[in-house]
>>> print(open('coords.cif').read())   # mmCIF, C-alpha atoms
data_target
#
loop_
_atom_site.label_atom_id
_atom_site.label_comp_id
_atom_site.auth_asym_id
_atom_site.auth_seq_id
_atom_site.Cartn_x
_atom_site.Cartn_y
_atom_site.Cartn_z
CA MET D 134 2.59 -11.62 22.69
CA LYS D 135 -0.98 -10.82 21.74
CA ILE D 136 -3.28 -10.74 18.77
CA LYS D 137 -4.94 -7.59 17.60
CA ILE D 138 -7.46 -7.09 14.84
CA LEU D 139 -6.24 -3.93 13.20
CA ALA D 140 -8.34 -1.89 10.81
CA ILE D 141 -6.12 -0.04 8.38
CA GLY D 142 -6.98 2.92 6.23
CA PHE D 143 -4.59 4.16 3.60
CA LEU D 144 -4.77 7.76 2.62
CA LEU D 145 -4.33 8.73 -0.96
CA PHE D 146 -3.19 12.30 -1.57
CA ALA D 147 -2.81 14.17 -4.82
CA ALA D 148 -1.98 17.38 -6.63
CA VAL D 149 -1.81 18.73 -10.06
CA SER D 150 -0.37 20.05 -13.38
CA CYS D 151 -0.55 21.68 -16.87
CA GLU D 152 0.52 22.06 -20.69
CA PHE D 153 0.50 25.16 -22.99
CA ASN D 154 -2.62 25.57 -25.10
CA LYS D 155 -3.46 22.13 -26.48
CA SER D 156 -1.06 19.21 -26.36
CA ILE D 157 -0.89 15.42 -26.24
CA ASN D 158 2.22 13.62 -25.00
CA LYS D 159 3.18 10.05 -24.13
CA ASP D 160 6.18 8.82 -22.18
CA PHE D 161 7.14 5.55 -23.86
CA VAL D 162 9.09 4.39 -20.78
CA THR D 163 6.34 4.73 -18.17
CA GLY D 164 3.39 4.83 -20.56
CA ILE D 165 2.06 8.04 -18.98
CA THR D 166 -0.16 9.90 -21.45
CA THR D 167 -0.97 13.57 -20.86
CA LYS D 168 -3.32 16.04 -22.53
CA GLY D 169 -3.29 19.77 -21.94
CA ASP D 170 -5.74 22.48 -22.91
CA GLY D 171 -4.64 25.86 -21.59
CA LEU D 172 -2.46 24.32 -18.88
CA SER D 173 1.04 22.91 -19.38
CA CYS D 174 3.59 20.91 -17.44
CA ASP D 175 7.33 20.94 -18.08
CA HIS D 176 7.89 17.36 -16.88
CA VAL D 177 5.58 14.58 -15.67
CA SER D 178 7.36 11.77 -13.82
CA LEU D 179 7.06 8.96 -11.29
CA SER D 180 9.02 8.81 -8.04
CA ASP D 181 9.24 6.77 -4.86
CA GLY D 182 9.25 9.93 -2.73
CA LYS D 183 13.00 10.39 -3.01
CA ASN D 184 14.14 9.36 -6.47
CA GLU D 185 12.59 9.39 -9.92
CA ILE D 186 11.64 5.92 -11.12
CA SER D 187 10.60 4.43 -14.44
CA ARG D 188 8.92 1.21 -13.28
CA THR D 189 5.15 0.79 -13.23
CA SER D 190 5.06 -2.44 -11.21
CA PHE D 191 4.79 -2.03 -7.44
CA THR D 192 4.88 -4.30 -4.41
CA TYR D 193 1.67 -4.39 -2.39
CA GLY D 194 1.91 -1.67 0.25
CA GLN D 195 4.37 0.55 -1.65
CA THR D 196 3.73 4.23 -2.32
CA PHE D 197 4.50 6.03 -5.55
CA TYR D 198 4.09 9.62 -6.67
CA LEU D 199 2.91 11.04 -9.97
CA ASN D 200 4.77 14.36 -10.17
CA PHE D 201 3.80 17.41 -12.21
CA ASN D 202 6.82 19.70 -12.40
CA ASP D 203 6.84 23.40 -13.35
CA ILE D 204 3.11 23.81 -13.98
CA LYS D 205 2.04 26.84 -15.99
CA GLY D 206 -1.18 28.38 -17.26
CA PHE D 207 -3.27 28.87 -14.13
CA LYS D 208 -5.00 32.21 -13.75
CA LYS D 209 -3.40 33.94 -10.74
CA ILE D 210 -5.20 35.92 -8.08
CA ASP D 211 -2.89 37.77 -5.66
CA ASN D 212 -0.12 35.49 -7.01
CA ASN D 213 -2.09 32.37 -5.97
CA VAL D 214 -3.37 29.60 -8.23
CA PHE D 215 -6.45 27.51 -7.52
CA SER D 216 -6.49 23.95 -8.80
CA GLY D 217 -9.06 21.19 -8.79
CA LEU D 218 -8.08 17.56 -9.13
CA LYS D 219 -10.11 14.42 -9.74
CA LEU D 220 -8.46 11.05 -9.17
CA ILE D 221 -9.88 7.76 -10.45
CA VAL D 222 -8.32 4.29 -10.31
CA LEU D 223 -10.01 1.59 -12.39
CA GLY D 224 -9.56 -2.16 -12.32
CA VAL D 225 -8.89 -4.30 -15.39
CA LYS D 226 -12.64 -4.77 -15.95
CA GLY D 227 -13.28 -1.04 -15.80
CA ASP D 228 -14.64 -1.16 -12.26
CA THR D 229 -13.97 1.87 -10.07
CA ILE D 230 -11.47 1.05 -7.32
CA MET D 231 -10.77 4.57 -6.07
CA PHE D 232 -12.59 7.82 -6.73
CA ASN D 233 -12.21 11.34 -5.40
CA ASN D 234 -14.12 14.06 -7.21
CA ASP D 235 -11.82 16.87 -6.01
CA LEU D 236 -8.78 16.31 -3.84
CA TYR D 237 -8.36 20.08 -3.72
CA ALA D 238 -11.88 20.96 -2.64
CA SER D 239 -10.46 23.00 0.25
CA ASN D 240 -7.68 24.63 -1.81
CA ASN D 241 -7.26 28.23 -0.60
CA GLY D 242 -4.59 29.06 -3.13
CA ILE D 243 -1.02 27.95 -3.83
CA ASP D 244 1.90 30.36 -4.20
CA ILE D 245 4.91 28.27 -5.30
CA SER D 246 7.24 28.93 -8.22
CA PRO D 247 8.13 26.83 -10.08
CA LEU D 248 4.95 24.97 -9.19
CA LEU D 249 5.36 21.28 -8.33
CA LEU D 250 2.28 19.22 -7.52
CA GLN D 251 2.07 15.49 -6.80
CA THR D 252 -0.37 12.63 -6.70
CA LYS D 253 0.49 10.10 -4.01
CA ILE D 254 -0.87 6.56 -4.35
CA THR D 255 -0.37 3.75 -1.85
CA VAL D 256 -1.06 0.41 -3.52
CA ALA D 257 -3.05 -1.22 -0.75
CA ASN D 258 -6.67 -2.08 0.04
CA PRO D 259 -8.94 -1.58 -1.94
CA ILE D 260 -6.14 -2.20 -4.46
CA HIS D 261 -4.96 -5.82 -4.45
CA SER D 262 -1.88 -7.67 -5.63
CA ASN D 263 -1.79 -9.78 -8.80
CA ASN D 264 -3.94 -7.19 -10.56
CA LYS D 265 -3.55 -4.42 -13.12
CA TYR D 266 -4.96 -0.90 -12.75
CA ARG D 267 -5.29 2.36 -14.65
CA ALA D 268 -5.02 5.73 -12.88
CA TYR D 269 -6.63 8.89 -14.26
CA VAL D 270 -5.86 12.41 -13.02
CA ASN D 271 -7.99 15.31 -14.24
CA ILE D 272 -6.85 18.84 -13.33
CA TRP D 273 -8.62 22.12 -13.89
CA ASP D 274 -8.19 25.78 -13.10
CA LYS D 275 -10.91 26.91 -10.69
CA LYS D 276 -10.38 30.53 -11.69
CA GLY D 277 -9.94 29.95 -15.42
CA GLU D 278 -10.69 27.50 -18.21
CA GLY D 279 -7.43 25.53 -18.43
CA THR D 280 -7.41 21.76 -18.01
CA PHE D 281 -4.79 19.02 -17.92
CA SER D 282 -5.14 15.25 -17.65
CA ALA D 283 -2.86 12.25 -17.24
CA GLU D 284 -3.38 8.52 -17.29
CA MET D 285 -1.13 5.53 -16.67
CA ASP D 286 -1.32 1.76 -16.25
CA PHE D 287 0.34 -0.02 -13.33
CA ASP D 288 0.30 -3.44 -11.74
CA VAL D 289 0.67 -4.66 -8.18
CA VAL D 290 2.55 -7.78 -7.03
CA PRO D 291 2.79 -9.51 -3.64
CA ASN D 292 5.86 -9.01 -1.46
CA ASN D 293 8.08 -11.82 -2.79
CA GLN D 294 10.13 -11.82 0.42
CA ILE D 295 7.15 -13.32 2.26
CA LYS D 296 6.93 -17.02 1.44
CA ILE D 297 3.46 -18.55 1.69
CA GLU D 298 2.68 -22.24 2.12
CA SER D 299 -0.95 -23.28 2.34
CA ASN D 300 -2.96 -26.43 2.86
CA ASN D 301 -6.55 -25.64 1.80
CA ILE D 302 -6.49 -22.11 3.26
CA SER D 303 -6.98 -19.24 0.82
CA HIS D 304 -6.12 -15.58 1.36
CA ASP D 305 -6.34 -12.21 -0.38
CA GLU D 306 -3.21 -10.53 1.01
CA VAL D 307 -0.39 -11.27 3.43
CA TYR D 308 1.93 -8.38 4.27
CA LEU D 309 3.98 -6.77 7.03
CA PHE D 310 2.77 -3.60 8.69
CA SER D 311 4.51 -1.30 11.14
CA ARG D 312 2.55 0.60 13.78
CA GLU D 313 5.42 3.10 13.73
CA GLY D 314 4.41 5.50 10.99
CA ASN D 315 1.43 3.32 9.96
CA VAL D 316 3.23 1.97 6.88
CA CYS D 317 3.61 -1.35 5.12
CA ILE D 318 7.06 -2.91 5.30
CA THR D 319 7.95 -3.82 1.72
CA ASN D 320 11.54 -4.83 2.38
CA ASN D 321 12.96 -7.04 5.13
CA LYS D 322 14.22 -4.27 7.42
CA VAL D 323 12.70 -3.59 10.84
CA LYS D 324 13.77 -1.78 13.98
CA PHE D 325 14.25 -2.76 17.59
CA ASN D 326 11.10 -2.16 19.66
CA GLU D 327 9.05 -1.64 16.51
CA ASN D 328 5.52 -3.05 16.74
CA ILE D 329 5.29 -5.31 13.67
CA PHE D 330 2.13 -6.97 12.38
CA MET D 331 1.87 -9.82 9.91
CA MET D 332 -1.44 -8.96 8.28
CA PHE D 333 -3.62 -11.74 6.88
CA GLU D 334 -6.64 -10.59 4.86
CA GLY D 335 -9.39 -12.67 3.29
CA LEU D 336 -8.64 -15.92 5.13
CA GLU D 337 -11.02 -18.75 4.23
CA GLY D 338 -11.00 -22.54 4.39
CA PHE D 339 -11.60 -23.17 8.10
CA ILE D 340 -14.26 -25.49 9.49
CA LEU D 341 -16.92 -23.25 11.04
CA GLU D 342 -19.29 -23.91 13.90
CA ASP D 343 -22.09 -21.35 14.31
CA GLY D 344 -20.10 -18.97 12.12
CA LYS D 345 -16.99 -19.25 14.29
CA ALA D 346 -13.53 -20.69 13.62
CA TYR D 347 -11.30 -22.54 16.08
CA LEU D 348 -7.73 -21.60 15.26
CA GLY D 349 -4.21 -22.05 16.47
CA LEU D 350 -1.55 -19.42 15.81
CA SER D 351 2.16 -19.70 16.44
CA ILE D 352 5.03 -17.25 15.98
CA LYS D 353 8.62 -18.41 15.89
CA GLY D 354 11.87 -16.62 15.17
CA LYS D 355 15.46 -17.90 14.98
CA ASP D 356 18.57 -15.82 14.54
CA SER D 357 21.36 -16.67 12.09
CA GLU D 358 23.05 -18.86 14.73
CA GLY D 359 19.91 -20.92 15.33
CA GLU D 360 18.98 -19.36 18.66
CA MET D 361 15.22 -19.18 19.21
CA ILE D 362 14.32 -15.58 20.06
CA LEU D 363 10.56 -15.82 19.41
CA ASN D 364 8.61 -18.91 20.40
CA GLU D 365 4.88 -18.55 20.94
CA GLU D 366 3.21 -21.94 20.51
CA ASP D 367 -0.44 -20.82 20.36
CA LEU D 368 -1.46 -17.22 20.86
CA ILE D 369 -5.17 -17.93 20.42
CA GLY D 370 -5.60 -20.82 22.84
CA ASP D 371 -9.26 -21.69 23.46
CA SER D 372 -10.62 -18.48 21.95
CA VAL D 373 -12.82 -18.54 18.85
CA ILE D 374 -12.99 -15.99 16.04
CA GLU D 375 -15.98 -14.90 14.00
CA ALA D 376 -15.60 -15.96 10.37
CA SER D 377 -16.42 -12.42 9.20
CA GLU D 378 -13.61 -10.98 11.34
CA LEU D 379 -11.22 -13.67 10.17
CA LYS D 380 -11.97 -12.88 6.54
CA ARG D 381 -11.57 -9.17 7.13
CA GLN D 382 -8.23 -9.29 8.92
CA LEU D 383 -6.11 -11.31 11.34
CA ALA D 384 -3.11 -9.39 12.66
CA PRO D 385 -0.66 -11.18 14.96
CA ASN D 386 2.04 -8.80 16.14
CA PHE D 387 5.53 -9.09 17.59
CA ILE D 388 8.40 -6.87 18.80
CA PHE D 389 12.15 -7.44 18.79
CA SER D 390 13.61 -5.95 21.95
CA GLY D 391 17.22 -5.67 23.05
CA SER D 392 20.17 -4.60 20.95
CA ASN D 393 22.22 -7.66 20.07
CA ILE D 394 20.56 -9.92 17.53
CA LYS D 395 22.38 -12.02 14.95
CA ASN D 396 20.73 -11.13 11.64
CA PRO D 397 18.88 -12.29 9.69
CA ILE D 398 15.97 -13.50 11.83
CA ALA D 399 13.99 -16.33 10.24
CA CYS D 400 10.37 -15.60 11.23
CA GLU D 401 7.53 -18.04 10.78
CA ILE D 402 3.83 -17.59 11.51
CA ILE D 403 1.49 -20.57 11.23
CA ILE D 404 -2.30 -20.41 11.45
CA TRP D 405 -4.05 -23.76 11.64
CA ASP D 406 -7.60 -25.03 11.87
CA LYS D 407 -8.20 -27.01 15.05
CA LYS D 408 -11.12 -28.78 13.38
CA SER D 409 -9.17 -30.02 10.34
CA ASP D 410 -5.69 -30.32 8.85
CA ASN D 411 -5.99 -27.00 7.02
CA LYS D 412 -3.30 -24.41 7.69
CA ILE D 413 -1.30 -21.54 6.23
CA LYS D 414 2.31 -20.54 6.92
CA ALA D 415 4.01 -17.22 6.21
CA SER D 416 7.78 -16.92 6.58
CA ILE D 417 10.27 -14.13 6.03
CA ASP D 418 13.88 -13.36 6.91
CA LEU D 419 14.13 -10.00 8.74
CA ASN D 420 17.06 -7.77 9.47
CA VAL D 421 16.68 -5.92 12.76
CA LYS D 422 18.58 -2.64 13.15
#
>>> encode(input="coords.cif", output="structure tokens")
Amino acid sequence: MKIKILAIGFLLFAAVSCEFNKSINKDFVTGITTKGDGLSCDHVSLSDGKNEISRTSFTYGQTFYLNFNDIKGFKKIDNNVFSGLKLIVLGVKGDTIMFNNDLYASNNGIDISPLLLQTKITVANPIHSNNKYRAYVNIWDKKGEGTFSAEMDFDVVPNNQIKIESNNISHDEVYLFSREGNVCITNNKVKFNENIFMMFEGLEGFILEDGKAYLGLSIKGKDSEGEMILNEEDLIGDSVIEASELKRQLAPNFIFSGSNIKNPIACEIIIWDKKSDNKIKASIDLNVK
């Protein structure tokens, strides 16, 4: 077992839509409001990448798509359309969380009929759980004058399958991350030989000496029959960690190897301050397939 400090970047992709002449529409289930001027869209919806969804509350680390189906109104050149798309995500106080002036700056033309474009949003850093956000998408025709816009509110919640107990240690986020595919694990399902990280972000509350923290970190895992299959008493040992690095991210990782494990596995990670009684514990039951 080892500890790695893992810097994670989440990409946010997008694409676009339309509505005939001038129009204003609101979906009273999702709250999505659209306005079209020269561009139109047959159907604007949310999906999880596979199925259409109607919820606007998402677990930290999840990805959702804003879909623009059967877009019409773009001026065509050699049967290609050329779209621009601005994406903005604002916090509850109106502060800008995400901004991209044109996600299609390198668009060399799209030839798809009926035209389906999507905005993909992963609700992770700089987005945080226990907060509300508003997403704005502005679309325009780079070869014409048509425009289309959409906006929606959504909120982000922590993964309720991860149980947190803390004694004077605060945190911003605690979540599971898989190196395989570079994705957050938002359910309790993992694979054999998958490199799994329990990510702790924004940790504070440790006694510091010269800007350094003296920590202990244990990882334990028991199967459904009580057999201990993970048992690392202290992965940090005598090492010290810079407070700035600790606040940014602490990422202990583990792997389940073999093929015969009695699910579920009760996993527990404890981080404690060796200079005080302060500590934090994260626990989750995992199913290994």
>>> residues_around(input="coords.cif", residues="D:Phe191", least_positions_apart="6", cutoff="9 Å", atoms="all atoms listed in the file", output="count of residues only")
8
>>> atom_distance(input="coords.cif", atom1="atom CA of D:Gly354", atom2="atom CA of D:Val307")
17.8 Å
>>> resolve_selection(input="coords.cif", expression="the PyMOL selection byres ((chain D and resi 361-376) around 9)", output="mmCIF file with C-alpha atoms, keeping the file's coordinate frame")
data_model
loop_
_atom_site.group_PDB
_atom_site.id
_atom_site.type_symbol
_atom_site.label_atom_id
_atom_site.label_comp_id
_atom_site.auth_asym_id
_atom_site.auth_seq_id
_atom_site.Cartn_x
_atom_site.Cartn_y
_atom_site.Cartn_z
ATOM 1 C CA MET D 134 2.590 -11.620 22.690
ATOM 2 C CA LYS D 135 -0.980 -10.820 21.740
ATOM 3 C CA ILE D 136 -3.280 -10.740 18.770
ATOM 4 C CA LEU D 336 -8.640 -15.920 5.130
ATOM 5 C CA GLU D 337 -11.020 -18.750 4.230
ATOM 6 C CA PHE D 339 -11.600 -23.170 8.100
ATOM 7 C CA LEU D 341 -16.920 -23.250 11.040
ATOM 8 C CA ASP D 343 -22.090 -21.350 14.310
ATOM 9 C CA GLY D 344 -20.100 -18.970 12.120
ATOM 10 C CA LYS D 345 -16.990 -19.250 14.290
ATOM 11 C CA ALA D 346 -13.530 -20.690 13.620
ATOM 12 C CA TYR D 347 -11.300 -22.540 16.080
ATOM 13 C CA LEU D 348 -7.730 -21.600 15.260
ATOM 14 C CA GLY D 349 -4.210 -22.050 16.470
ATOM 15 C CA LEU D 350 -1.550 -19.420 15.810
ATOM 16 C CA SER D 351 2.160 -19.700 16.440
ATOM 17 C CA ILE D 352 5.030 -17.250 15.980
ATOM 18 C CA LYS D 353 8.620 -18.410 15.890
ATOM 19 C CA GLY D 354 11.870 -16.620 15.170
ATOM 20 C CA LYS D 355 15.460 -17.900 14.980
ATOM 21 C CA ASP D 356 18.570 -15.820 14.540
ATOM 22 C CA GLY D 359 19.910 -20.920 15.330
ATOM 23 C CA GLU D 360 18.980 -19.360 18.660
ATOM 24 C CA SER D 377 -16.420 -12.420 9.200
ATOM 25 C CA GLU D 378 -13.610 -10.980 11.340
ATOM 26 C CA LEU D 379 -11.220 -13.670 10.170
ATOM 27 C CA LYS D 380 -11.970 -12.880 6.540
ATOM 28 C CA ARG D 381 -11.570 -9.170 7.130
ATOM 29 C CA PRO D 385 -0.660 -11.180 14.960
ATOM 30 C CA PHE D 387 5.530 -9.090 17.590
ATOM 31 C CA PHE D 389 12.150 -7.440 18.790
ATOM 32 C CA ILE D 394 20.560 -9.920 17.530
ATOM 33 C CA ILE D 398 15.970 -13.500 11.830
ATOM 34 C CA CYS D 400 10.370 -15.600 11.230
#
>>> closest_residue(input="coords.cif", among="D:Asp181, D:Glu358, D:Asp305, D:Glu313", to="D:Lys253", atoms="all atoms listed in the file")
D:Asp181
>>> residues_around(input="coords.cif", residues="D:Ile340", least_positions_apart="2", cutoff="8 Å", atoms="all atoms listed in the file", output="PyMOL selection string")
chain D and resi 338+342+346-347+406+408-409
>>> write_last_selection(input="coords.cif", atoms="C-alpha atoms", output="short mmCIF file (atom, residue, chain, number, x, y, z; two decimals), keeping the file's coordinate frame")
data_model
loop_
_atom_site.label_atom_id
_atom_site.label_comp_id
_atom_site.auth_asym_id
_atom_site.auth_seq_id
_atom_site.Cartn_x
_atom_site.Cartn_y
_atom_site.Cartn_z
CA GLY D 338 -11.00 -22.54 4.39
CA GLU D 342 -19.29 -23.91 13.90
CA ALA D 346 -13.53 -20.69 13.62
CA TYR D 347 -11.30 -22.54 16.08
CA ASP D 406 -7.60 -25.03 11.87
CA LYS D 408 -11.12 -28.78 13.38
CA SER D 409 -9.17 -30.02 10.34
#
>>> closest_residue(input="coords.cif", among="D:Ser299, D:Asn271, D:Asn213, D:Asn200", to="D:Ile245", atoms="all atoms listed in the file")
D:Asn213
>>> closest_residue(input="coords.cif", among="D:Glu327, D:Thr189, D:Gly182, D:Ile295", to="D:Thr163", atoms="all atoms listed in the file")
D:Thr189
>>> axis_aligned_box(input="coords.cif", around="stretch 248-260 of chain D", padding_each_side="5 Å", output="JSON")
{"center_x": -1.8, "center_y": 11.4, "center_z": -4.6, "size_x": 24.3, "size_y": 37.2, "size_z": 19.2}
>>> closest_residue(input="coords.cif", among="D:Lys296, D:Val177, D:Val270, D:Val421", to="D:Ile329", atoms="all atoms listed in the file")
D:Val421
